[in-house]
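Listing of upload.csv, CSV, C-alpha atoms
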```
chain,number,residue,atom,x,y,z
A,1,MET,CA,2.5,-7.4,-9.8
A,2,ARG,CA,3.0,-11.1,-9.4
A,3,ARG,CA,6.4,-12.8,-8.9
A,4,ILE,CA,9.1,-10.1,-9.1
A,5,ALA,CA,12.1,-10.8,-11.3
A,6,ARG,CA,15.4,-10.8,-9.5
A,7,LEU,CA,17.7,-8.2,-11.1
A,8,PRO,CA,18.8,-8.6,-13.8
A,9,GLY,CA,15.8,-10.7,-15.0
A,10,LEU,CA,15.9,-14.1,-13.3
A,11,LEU,CA,12.4,-15.0,-12.0
A,12,ALA,CA,12.2,-15.6,-8.3
A,13,VAL,CA,10.6,-18.9,-7.2
A,14,LEU,CA,7.9,-18.3,-4.6
A,15,ALA,CA,8.8,-20.9,-2.0
A,16,LEU,CA,8.5,-19.8,1.6
A,17,ALA,CA,11.5,-20.9,3.6
A,18,PRO,CA,10.9,-22.4,7.0
A,19,ALA,CA,12.8,-21.2,10.1
A,20,ALA,CA,15.7,-23.6,9.8
A,21,ARG,CA,18.0,-21.5,12.0
A,22,ALA,CA,18.0,-18.6,14.4
A,23,GLN,CA,16.4,-15.5,12.8
A,24,THR,CA,19.4,-13.2,13.1
A,25,ILE,CA,18.6,-10.4,10.7
A,26,SER,CA,16.7,-7.4,12.1
A,27,LEU,CA,14.9,-5.2,9.5
A,28,ALA,CA,14.2,-1.5,9.8
A,29,LEU,CA,11.3,0.1,7.9
A,30,PRO,CA,12.5,0.4,4.2
A,31,LEU,CA,10.7,3.7,3.7
A,32,ALA,CA,11.0,7.2,5.3
A,33,CYS,CA,7.2,7.2,5.9
A,34,THR,CA,4.9,6.9,8.9
A,35,PRO,CA,2.9,3.7,8.6
A,36,GLY,CA,-0.8,4.3,9.0
A,37,ARG,CA,-0.5,8.0,8.0
A,38,THR,CA,1.8,8.5,4.9
A,39,CYS,CA,2.2,4.8,3.9
A,40,PHE,CA,0.3,1.6,4.2
A,41,VAL,CA,0.9,-2.1,3.6
A,42,GLN,CA,-1.1,-2.9,0.5
A,43,HIS,CA,-0.1,-6.5,0.0
A,44,TYR,CA,1.7,-9.1,2.1
A,45,VAL,CA,3.5,-12.3,1.0
A,46,ASP,CA,1.1,-15.0,-0.3
A,47,HIS,CA,1.1,-18.1,1.9
A,48,ASP,CA,-1.4,-20.2,-0.1
A,49,PRO,CA,0.5,-22.8,-2.2
A,50,SER,CA,-2.6,-23.3,-4.4
A,51,SER,CA,-4.1,-20.9,-7.0
A,52,GLY,CA,-5.8,-19.1,-4.1
A,53,ALA,CA,-4.2,-16.4,-1.9
A,54,ARG,CA,-4.0,-15.7,1.8
A,55,ASP,CA,-1.6,-13.6,3.9
A,56,HIS,CA,0.3,-14.7,7.0
A,57,ALA,CA,-2.8,-13.7,9.1
A,58,CYS,CA,-5.1,-15.9,7.1
A,59,GLY,CA,-6.5,-12.7,5.5
A,60,PRO,CA,-7.0,-11.5,1.9
A,61,ARG,CA,-4.3,-8.8,1.8
A,62,THR,CA,-2.3,-10.5,-0.9
A,63,TYR,CA,-2.8,-12.2,-4.3
A,64,ASP,CA,-1.6,-15.5,-5.9
A,65,GLY,CA,2.1,-15.7,-6.2
A,66,HIS,CA,3.0,-12.4,-4.5
A,67,ASP,CA,6.5,-12.8,-3.0
A,68,GLY,CA,7.0,-9.6,-1.1
A,69,THR,CA,5.5,-6.8,1.0
A,70,ASP,CA,4.0,-3.8,-0.9
A,71,PHE,CA,4.4,-0.5,1.0
A,72,ARG,CA,2.0,1.9,-0.7
A,73,LEU,CA,2.2,5.7,-0.6
A,74,THR,CA,-1.0,7.7,-0.4
A,75,THR,CA,-0.6,9.5,-3.8
A,76,ARG,CA,1.9,9.8,-6.6
A,77,PRO,CA,3.1,13.3,-5.5
A,78,GLU,CA,3.6,11.9,-2.0
A,79,ALA,CA,5.9,9.2,-3.4
A,80,ALA,CA,8.2,11.9,-4.7
A,81,ARG,CA,8.4,13.7,-1.4
A,82,GLY,CA,10.1,12.7,1.9
A,83,PRO,CA,7.9,9.7,2.8
A,84,GLY,CA,8.7,8.1,-0.6
A,85,THR,CA,12.5,7.9,0.2
A,86,VAL,CA,13.6,4.2,0.1
A,87,LEU,CA,15.9,3.2,2.9
A,88,ALA,CA,18.2,0.2,3.5
A,89,ALA,CA,16.4,-2.3,5.8
A,90,ALA,CA,19.7,-3.6,7.2
A,91,ASP,CA,23.5,-3.2,6.8
A,92,GLY,CA,24.9,-4.9,3.7
A,93,ARG,CA,26.5,-4.6,0.3
A,94,VAL,CA,24.8,-3.6,-2.9
A,95,LEU,CA,24.9,-6.5,-5.4
A,96,ARG,CA,22.8,-5.3,-8.4
A,97,THR,CA,20.9,-2.2,-9.5
A,98,ARG,CA,18.7,-0.9,-12.3
A,99,ASN,CA,18.1,2.8,-12.7
A,100,ASP,CA,16.9,3.4,-16.3
A,101,ALA,CA,13.4,1.9,-16.5
A,102,PRO,CA,10.6,4.4,-17.4
A,103,ASP,CA,8.1,5.6,-14.7
A,104,VAL,CA,4.9,4.6,-16.5
A,105,SER,CA,1.9,2.6,-15.1
A,106,VAL,CA,1.4,-0.8,-16.7
A,107,ARG,CA,-2.2,0.4,-17.3
A,108,GLU,CA,-0.8,2.5,-20.0
A,109,THR,CA,2.0,0.3,-21.4
A,110,GLY,CA,0.5,-3.2,-20.9
A,111,ARG,CA,2.4,-6.0,-19.0
A,112,GLY,CA,4.2,-7.1,-22.1
A,113,ALA,CA,6.2,-3.9,-22.0
A,114,VAL,CA,7.8,-4.9,-18.7
A,115,ALA,CA,8.3,-8.6,-19.3
A,116,GLY,CA,11.6,-9.6,-17.6
A,117,VAL,CA,11.9,-6.2,-15.9
A,118,GLU,CA,8.9,-6.5,-13.6
A,119,CYS,CA,10.9,-5.0,-10.7
A,120,GLY,CA,11.5,-1.8,-12.7
A,121,ASN,CA,14.2,0.3,-11.2
A,122,GLY,CA,15.6,-1.2,-8.0
A,123,LEU,CA,18.4,-3.0,-6.3
A,124,VAL,CA,19.4,-6.1,-4.3
A,125,ILE,CA,21.5,-5.9,-1.1
A,126,ALA,CA,23.4,-8.8,0.3
A,127,HIS,CA,23.4,-9.2,4.1
A,128,ALA,CA,25.0,-11.8,6.5
A,129,ASP,CA,24.2,-15.5,6.4
A,130,GLY,CA,22.8,-15.6,2.9
A,131,ASP,CA,20.1,-13.0,3.3
A,132,GLU,CA,19.2,-10.6,0.6
A,133,THR,CA,16.7,-7.8,0.3
A,134,GLN,CA,15.3,-6.5,-2.9
A,135,TYR,CA,13.7,-3.1,-3.5
A,136,CYS,CA,11.5,-2.6,-6.6
A,137,HIS,CA,9.5,0.1,-8.5
A,138,LEU,CA,11.9,3.0,-7.8
A,139,ALA,CA,11.8,6.3,-9.8
A,140,LYS,CA,14.0,6.4,-12.9
A,141,GLY,CA,17.4,8.0,-12.1
A,142,SER,CA,16.8,8.1,-8.4
A,143,LEU,CA,19.2,5.4,-7.1
A,144,ARG,CA,21.9,6.8,-4.9
A,145,VAL,CA,24.1,3.7,-4.7
A,146,ARG,CA,26.0,1.4,-7.0
A,147,PRO,CA,27.0,-2.3,-7.0
A,148,GLY,CA,29.7,-2.9,-4.5
A,149,ASP,CA,28.7,0.0,-2.2
A,150,ARG,CA,28.4,-0.8,1.5
A,151,VAL,CA,25.2,0.6,3.0
A,152,ALA,CA,23.9,1.0,6.6
A,153,ALA,CA,20.4,0.4,7.9
A,154,GLY,CA,18.3,3.5,7.3
A,155,GLN,CA,20.6,4.8,4.6
A,156,PRO,CA,18.7,6.5,1.6
A,157,LEU,CA,18.8,4.4,-1.5
A,158,GLY,CA,16.4,6.1,-3.9
A,159,GLN,CA,12.8,7.2,-4.4
A,160,VAL,CA,9.6,5.4,-5.0
A,161,GLY,CA,8.4,5.7,-8.5
A,162,LEU,CA,6.1,3.9,-11.0
A,163,SER,CA,8.5,1.7,-12.9
A,164,GLY,CA,8.1,-2.0,-13.7
A,165,ALA,CA,4.9,-4.0,-13.2
A,166,THR,CA,2.9,-1.5,-11.0
A,167,GLU,CA,-0.2,0.5,-11.2
A,168,PHE,CA,0.3,2.7,-8.1
A,169,PRO,CA,3.3,4.2,-6.3
A,170,HIS,CA,4.7,1.7,-3.8
A,171,LEU,CA,7.8,-0.1,-2.7
A,172,HIS,CA,7.8,-3.9,-3.3
A,173,PHE,CA,10.2,-5.3,-0.7
A,174,THR,CA,11.3,-8.9,-0.7
A,175,LEU,CA,13.5,-10.8,1.7
A,176,ARG,CA,15.3,-14.0,0.6
A,177,ARG,CA,17.4,-16.4,2.4
A,178,ASN,CA,19.7,-18.5,0.3
A,179,GLY,CA,17.5,-17.7,-2.7
A,180,ARG,CA,14.2,-18.6,-1.0
A,181,THR,CA,11.4,-16.1,-0.1
A,182,ILE,CA,11.0,-15.3,3.6
A,183,ASP,CA,8.0,-13.4,4.9
A,184,PRO,CA,9.5,-10.9,7.4
A,185,PHE,CA,6.1,-10.8,9.2
A,186,ALA,CA,6.0,-14.5,9.9
A,187,PRO,CA,9.3,-16.3,9.2
A,188,GLY,CA,8.5,-19.3,11.3
A,189,LEU,CA,5.3,-20.3,9.7
A,190,ALA,CA,5.3,-23.8,8.1
A,191,ALA,CA,4.9,-23.8,4.4
A,192,GLY,CA,1.3,-23.2,3.3
A,193,SER,CA,0.1,-22.2,6.8
A,194,CYS,CA,-1.1,-19.0,8.4
A,195,THR,CA,-2.2,-17.8,11.8
A,196,ALA,CA,-5.2,-15.5,12.7
A,197,ALA,CA,-3.2,-14.2,15.7
A,198,ALA,CA,-1.1,-12.0,13.4
A,199,SER,CA,1.4,-11.3,16.2
A,200,LEU,CA,4.7,-9.6,15.3
A,201,ASP,CA,6.6,-11.1,18.2
A,202,GLY,CA,8.3,-13.6,16.0
A,203,SER,CA,8.8,-11.2,13.0
A,204,LEU,CA,12.1,-10.0,11.6
A,205,TRP,CA,11.2,-6.3,12.0
A,206,ASN,CA,13.1,-4.3,14.6
A,207,GLU,CA,11.2,-2.9,17.6
A,208,ALA,CA,10.4,0.5,16.0
A,209,ALA,CA,9.1,-1.2,12.9
A,210,ARG,CA,7.0,-3.7,14.9
A,211,ARG,CA,5.2,-0.9,16.7
A,212,ALA,CA,4.3,0.7,13.4
A,213,LEU,CA,3.3,-2.4,11.3
A,214,ALA,CA,0.4,-3.9,13.2
A,215,TYR,CA,-1.8,-5.9,10.8
A,216,ARG,CA,-4.8,-3.9,9.5
A,217,ALA,CA,-7.7,-5.8,8.0
A,218,GLY,CA,-8.6,-2.9,5.7
A,219,THR,CA,-7.8,0.8,6.1
A,220,VAL,CA,-8.6,4.2,4.8
A,221,LEU,CA,-6.0,5.5,2.4
A,222,ASN,CA,-7.3,9.1,2.0
A,223,ALA,CA,-10.5,11.1,2.2
A,224,GLY,CA,-11.8,14.6,1.7
A,225,PHE,CA,-14.4,16.8,0.1
A,226,ALA,CA,-14.8,18.1,-3.5
A,227,PRO,CA,-17.1,20.4,-5.4
A,228,GLY,CA,-18.2,17.6,-7.8
A,229,PRO,CA,-17.6,14.0,-8.8
A,230,VAL,CA,-14.2,12.4,-8.0
A,231,THR,CA,-12.1,10.0,-10.0
A,232,MET,CA,-9.4,7.6,-8.9
A,233,GLU,CA,-6.9,9.4,-11.2
A,234,ALA,CA,-7.6,12.8,-9.5
A,235,VAL,CA,-7.2,11.3,-6.1
A,236,GLU,CA,-4.0,9.5,-7.0
A,237,GLY,CA,-2.6,12.7,-8.5
A,238,GLU,CA,-3.7,15.1,-5.7
A,239,ALA,CA,-5.8,16.8,-8.3
A,240,VAL,CA,-9.2,16.8,-6.6
A,241,GLY,CA,-10.6,20.3,-6.8
A,242,ALA,CA,-10.7,22.5,-3.6
A,243,VAL,CA,-14.1,23.3,-2.2
A,244,PRO,CA,-14.9,27.0,-2.7
A,245,ARG,CA,-16.9,29.2,-0.4
A,246,ASP,CA,-20.3,28.4,-2.0
A,247,PRO,CA,-19.8,25.3,-4.2
A,248,ASP,CA,-22.3,24.1,-6.9
A,249,ALA,CA,-22.1,20.7,-5.2
A,250,LEU,CA,-20.6,19.3,-2.0
A,251,VAL,CA,-19.2,15.7,-2.3
A,252,ALA,CA,-17.6,13.6,0.4
A,253,TRP,CA,-15.1,11.0,-0.9
A,254,ILE,CA,-13.0,8.3,0.6
A,255,ARG,CA,-10.6,5.7,-0.7
A,256,ALA,CA,-10.1,2.4,1.2
A,257,ILE,CA,-7.8,-0.5,0.7
A,258,GLY,CA,-7.7,-4.2,1.8
A,259,LEU,CA,-11.5,-4.9,1.7
A,260,ASP,CA,-12.7,-8.5,2.0
A,261,THR,CA,-15.4,-10.6,0.4
A,262,GLY,CA,-18.8,-9.7,1.8
A,263,ASP,CA,-17.8,-6.2,3.0
A,264,VAL,CA,-20.5,-3.6,2.7
A,265,GLN,CA,-19.4,0.1,2.4
A,266,ARG,CA,-21.5,3.0,3.5
A,267,LEU,CA,-20.8,6.7,3.3
A,268,SER,CA,-23.1,9.4,4.6
A,269,LEU,CA,-22.9,13.2,4.6
A,270,ALA,CA,-24.6,15.2,7.3
A,271,GLY,CA,-25.2,19.0,7.5
A,272,PRO,CA,-24.5,21.4,10.3
A,273,ASP,CA,-27.8,20.4,12.0
A,274,GLY,CA,-26.9,16.7,12.0
A,275,ARG,CA,-29.4,15.6,9.4
A,276,VAL,CA,-28.1,13.4,6.6
A,277,ILE,CA,-28.2,15.2,3.2
A,278,ALA,CA,-26.5,12.4,1.1
A,279,GLU,CA,-25.6,8.8,1.5
A,280,ARG,CA,-24.5,5.8,-0.5
A,281,GLU,CA,-24.3,2.1,0.3
A,282,GLU,CA,-22.5,-0.3,-2.0
A,283,PRO,CA,-23.6,-4.0,-2.5
A,284,ALA,CA,-21.6,-6.6,-0.6
A,285,LEU,CA,-18.3,-7.4,-2.3
A,286,ALA,CA,-18.3,-10.6,-4.3
A,287,ARG,CA,-14.5,-10.9,-3.9
A,288,PRO,CA,-11.6,-9.1,-2.0
A,289,ARG,CA,-10.9,-5.6,-3.4
A,290,ALA,CA,-7.5,-4.1,-3.3
A,291,GLN,CA,-8.9,-0.5,-3.3
A,292,SER,CA,-12.2,1.2,-3.5
A,293,LEU,CA,-13.3,4.8,-4.1
A,294,LEU,CA,-16.7,5.9,-2.7
A,295,PHE,CA,-18.3,9.3,-2.8
A,296,ALA,CA,-21.7,10.8,-1.8
A,297,GLY,CA,-23.0,14.3,-2.2
A,298,ARG,CA,-25.7,16.7,-3.4
A,299,LYS,CA,-26.1,19.9,-5.4
A,300,ARG,CA,-26.3,23.3,-3.7
A,301,PRO,CA,-29.8,23.8,-2.2
A,302,ALA,CA,-31.9,26.7,-3.5
A,303,GLY,CA,-31.1,28.9,-0.5
A,304,GLY,CA,-27.4,28.1,-0.5
A,305,TRP,CA,-25.3,26.1,1.9
A,306,PRO,CA,-26.1,26.7,5.6
A,307,PRO,CA,-22.9,27.7,7.3
A,308,GLY,CA,-21.3,25.3,9.7
A,309,THR,CA,-19.5,21.9,9.9
A,310,TYR,CA,-20.5,19.1,7.5
A,311,ALA,CA,-19.5,15.6,8.7
A,312,ALA,CA,-18.9,12.6,6.6
A,313,THR,CA,-19.1,9.1,8.1
A,314,PHE,CA,-17.7,6.0,6.4
A,315,ALA,CA,-18.2,2.4,7.7
A,316,VAL,CA,-17.3,-1.0,6.4
A,317,ARG,CA,-19.7,-3.8,7.7
A,318,ARG,CA,-18.0,-7.2,7.9
A,319,GLY,CA,-19.7,-10.2,9.5
A,320,GLY,CA,-22.5,-8.1,11.0
A,321,ALA,CA,-20.1,-5.6,12.7
A,322,ASP,CA,-18.2,-2.4,11.8
A,323,ALA,CA,-14.7,-3.5,10.8
A,324,LEU,CA,-13.6,0.0,9.7
A,325,THR,CA,-15.0,3.4,10.4
A,326,HIS,CA,-13.8,6.9,9.6
A,327,ARG,CA,-15.2,10.4,10.1
A,328,PHE,CA,-14.0,13.6,8.5
A,329,THR,CA,-15.4,17.1,8.4
A,330,LEU,CA,-15.5,20.4,6.4
A,331,THR,CA,-16.6,23.8,7.7
A,332,LEU,CA,-18.3,26.2,5.3
A,333,PRO,CA,-18.5,29.9,6.3
```

Target format structure tokens, applied to this file:
Amino acid sequence: MRRIARLPGLLAVLALAPAARAQTISLALPLACTPGRTCFVQHYVDHDPSSGARDHACGPRTYDGHDGTDFRLTTRPEAARGPGTVLAAADGRVLRTRNDAPDVSVRETGRGAVAGVECGNGLVIAHADGDETQYCHLAKGSLRVRPGDRVAAGQPLGQVGLSGATEFPHLHFTLRRNGRTIDPFAPGLAAGSCTAAASLDGSLWNEAARRALAYRAGTVLNAGFAPGPVTMEAVEGEAVGAVPRDPDALVAWIRAIGLDTGDVQRLSLAGPDGRVIAEREEPALARPRAQSLLFAGRKRPAGGWPPGTYAATFAVRRGGADALTHRFTLTLP
């Protein structure tokens, strides 16, 4: 998803507004999820005025022209449950809504099918002092409000879906001030600049949201074990097969997001005795990668699987050091 059309179809101009006045709005988390557990920031606002892309922390967690914050759910079924409930980020009045766009990935329809309706189902809320918030990619028929309704911060608005220009379930959240895009993570940054400090002290998020939204230079979205090869579609749909008592194969899998150029991913699987029975290392990434699925495993040995705990260890090497590590286990009887 690039620039998101403002309902009902006017393209938004990606122009980051400087802090010209006191930052009065205070934003609550716009999803009923737990950041770092049931939802993650997939993309931030793009601060690079050229054809390149960089987020407010000078990192790669964005892409050219991206004008909002993407809050991603771990799977499609999770988007339909409690964590996928979209909430008003601040008190205000509903200006515009759309509630009839189909929930279909653009991988299936092509981007031409959503031209002019890139936001999909969603709404725009007006706040004080010329501020507006926009909420995109909601599920068809899920909106609970109408134009003219007054809403309070934290009030449920609808449910995350797969409408508009999206390939995965997420909320695209945009803040505008007098028609210009504001990055709620760094509203005071000069146009075209970024800061490696990535502090939230000057952000527009309220205290509770600040504690939950610390910048992550890559993170694990989900991980587990399977009795055979794993696909991205199965992971996204929570359709990875359960591991039986004596599987034909044992496969550890992990999905990470927000990887950077040069990152090297490695996944190993060790048996109950601590010896590595399977491992996989990927070549260094030639460019940033929004998401990556890695798995490693082996077929059942001739004598069957020794009982005990099998441990998988995932690491991302960046600049000669581990930038991300994750360990997960499975016990076979």

Neighbouring residues of A:Thr331 were defined as those with any atom within 7 Å, considering all atoms listed in the file; residues of the same chain fewer than 6 positions away were excluded. Please report them as a short mmCIF file (atom, residue, chain, number, x, y, z; two decimals) with C-alpha atoms, in the frame of the given file.
```cif
data_model
loop_
_atom_site.label_atom_id
_atom_site.label_comp_id
_atom_site.auth_asym_id
_atom_site.auth_seq_id
_atom_site.Cartn_x
_atom_site.Cartn_y
_atom_site.Cartn_z
CA GLY A 308 -21.30 25.30 9.70
CA THR A 309 -19.50 21.90 9.90
CA TYR A 310 -20.50 19.10 7.50
#
```

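Using all atoms listed in the file, the shortest contact distance between A:Ala252 and any of A:Arg327, A:His172, A:His43, A:Arg93 is found at A:Arg327.
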
Practice prompt. Compare A:Val240, A:Val124, A:Leu31, A:Ile257 by their minimum atom-to-atom distance to A:Val160, counting all atoms listed in the file, and give me the closest one.
Written response: A:Leu31

Discussion item. For a quick check of understanding, using all atoms listed in the file, which of A:Ala223, A:Ala165, A:Ala312, A:Leu171 has the smallest distance to A:Ile277?
Written reply: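 Counting all atoms listed in the file, the residue closest to A:Ile277 is A:Ala312.
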
Worksheet item: So which residues touch stretch 98-101 of chain A within 10 Å, counting only C-alpha atoms, skipping near sequence neighbours fewer than 2 positions away, as JSON, numbers by chain?
Response: {"A": [7, 8, 96, 103, 104, 114, 117, 118, 119, 120, 121, 122, 123, 124, 136, 137, 138, 139, 140, 141, 142, 143, 144, 146, 147, 158, 162, 163, 164]}

Show me, as JSON lines, the residues of stretch 186-225 of chain A having an atom within 12 Å of stretch 278-302 of chain A, each with the closest atom pair and its distance in Å, using all atoms listed in the file.
```
{"residue": "A:Ala217", "atom": "CA", "partner": "A:Pro288", "partner_atom": "CA", "distance": 11.2}
{"residue": "A:Gly218", "atom": "CA", "partner": "A:Ala290", "partner_atom": "CA", "distance": 9.1}
{"residue": "A:Thr219", "atom": "CA", "partner": "A:Gln291", "partner_atom": "CA", "distance": 9.6}
{"residue": "A:Val220", "atom": "CA", "partner": "A:Gln291", "partner_atom": "CA", "distance": 9.4}
{"residue": "A:Leu221", "atom": "CA", "partner": "A:Gln291", "partner_atom": "CA", "distance": 8.8}
{"residue": "A:Asn222", "atom": "CA", "partner": "A:Leu293", "partner_atom": "CA", "distance": 9.6}
{"residue": "A:Ala223", "atom": "CA", "partner": "A:Leu293", "partner_atom": "CA", "distance": 9.3}
{"residue": "A:Gly224", "atom": "CA", "partner": "A:Phe295", "partner_atom": "CA", "distance": 9.5}
{"residue": "A:Phe225", "atom": "CA", "partner": "A:Phe295", "partner_atom": "CA", "distance": 8.9}
```

Item to complete: Find the residues around stretch 33-37 of chain A up to 10 Å (only C-alpha atoms counted), leave out those fewer than 6 positions away in its own chain, and share them as a list in words.
Response: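 Returned residues: Phe71, Arg72, Leu73, Thr74, Glu78, Ala79, Arg81, Gly82, Pro83, Gly84, Thr85, Val86, Ala209, Arg211, Ala212, Leu213, Ala214, Arg216, Thr219, Val220, Leu221 and Asn222 of chain A.
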
Worksheet item: Nearest to A:Ala152 among A:Glu132, A:Asp91, A:Glu108, A:Glu238, with distances taken over all atoms listed in the file: which residue is it?
Response: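 Under the stated criterion, the closest residue is A:Asp91.
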
Discussion item. Please compute the atom CA of A:Phe40-atom CA of A:Ser26 distance, one decimal, in Å.
Written reply: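 Interatomic distance here is 20.3 Å.
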
A:Ala126 environment, 10 Å, all atoms listed in the file, sequence neighbours closer than 2 positions dropped, as a JSON list (two decimals) with C-alpha atoms, keeping the file's coordinate frame:
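For reference, result33.json as written:
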```json
[["chain", "number", "residue", "atom", "x", "y", "z"],
["A", 90, "ALA", "CA", 19.70, -3.60, 7.20],
["A", 91, "ASP", "CA", 23.50, -3.20, 6.80],
["A", 92, "GLY", "CA", 24.90, -4.90, 3.70],
["A", 93, "ARG", "CA", 26.50, -4.60, 0.30],
["A", 94, "VAL", "CA", 24.80, -3.60, -2.90],
["A", 95, "LEU", "CA", 24.90, -6.50, -5.40],
["A", 96, "ARG", "CA", 22.80, -5.30, -8.40],
["A", 124, "VAL", "CA", 19.40, -6.10, -4.30],
["A", 128, "ALA", "CA", 25.00, -11.80, 6.50],
["A", 129, "ASP", "CA", 24.20, -15.50, 6.40],
["A", 130, "GLY", "CA", 22.80, -15.60, 2.90],
["A", 131, "ASP", "CA", 20.10, -13.00, 3.30],
["A", 132, "GLU", "CA", 19.20, -10.60, 0.60],
["A", 133, "THR", "CA", 16.70, -7.80, 0.30],
["A", 134, "GLN", "CA", 15.30, -6.50, -2.90],
["A", 148, "GLY", "CA", 29.70, -2.90, -4.50],
["A", 150, "ARG", "CA", 28.40, -0.80, 1.50],
["A", 151, "VAL", "CA", 25.20, 0.60, 3.00],
["A", 176, "ARG", "CA", 15.30, -14.00, 0.60],
["A", 177, "ARG", "CA", 17.40, -16.40, 2.40]]
```

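Taking atom CA of A:Leu29 and atom CA of A:Pro187 as endpoints, the distance between them is 16.6 Å.
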
Worksheet item: So what do you get for atom CA of A:Ala32 versus atom CA of A:His170, distance-wise?
Response: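 Atom-to-atom, atom CA of A:Ala32 and atom CA of A:His170 are spaced 12.4 Å apart.
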
Practice prompt. Using only C-alpha atoms, give me every residue within 12 Å of (-12.6, 24.7, -1.1) in file coordinates, as a VMD selection string.
Written response: chain A and resid 224 to 228 240 to 251 330 to 333

Fill in: Non-local contacts of A:Arg76 (8 Å; all atoms listed in the file; under 4 positions in same chain excluded) as a ChimeraX atom specification
/A:80,161,168-169,236-238
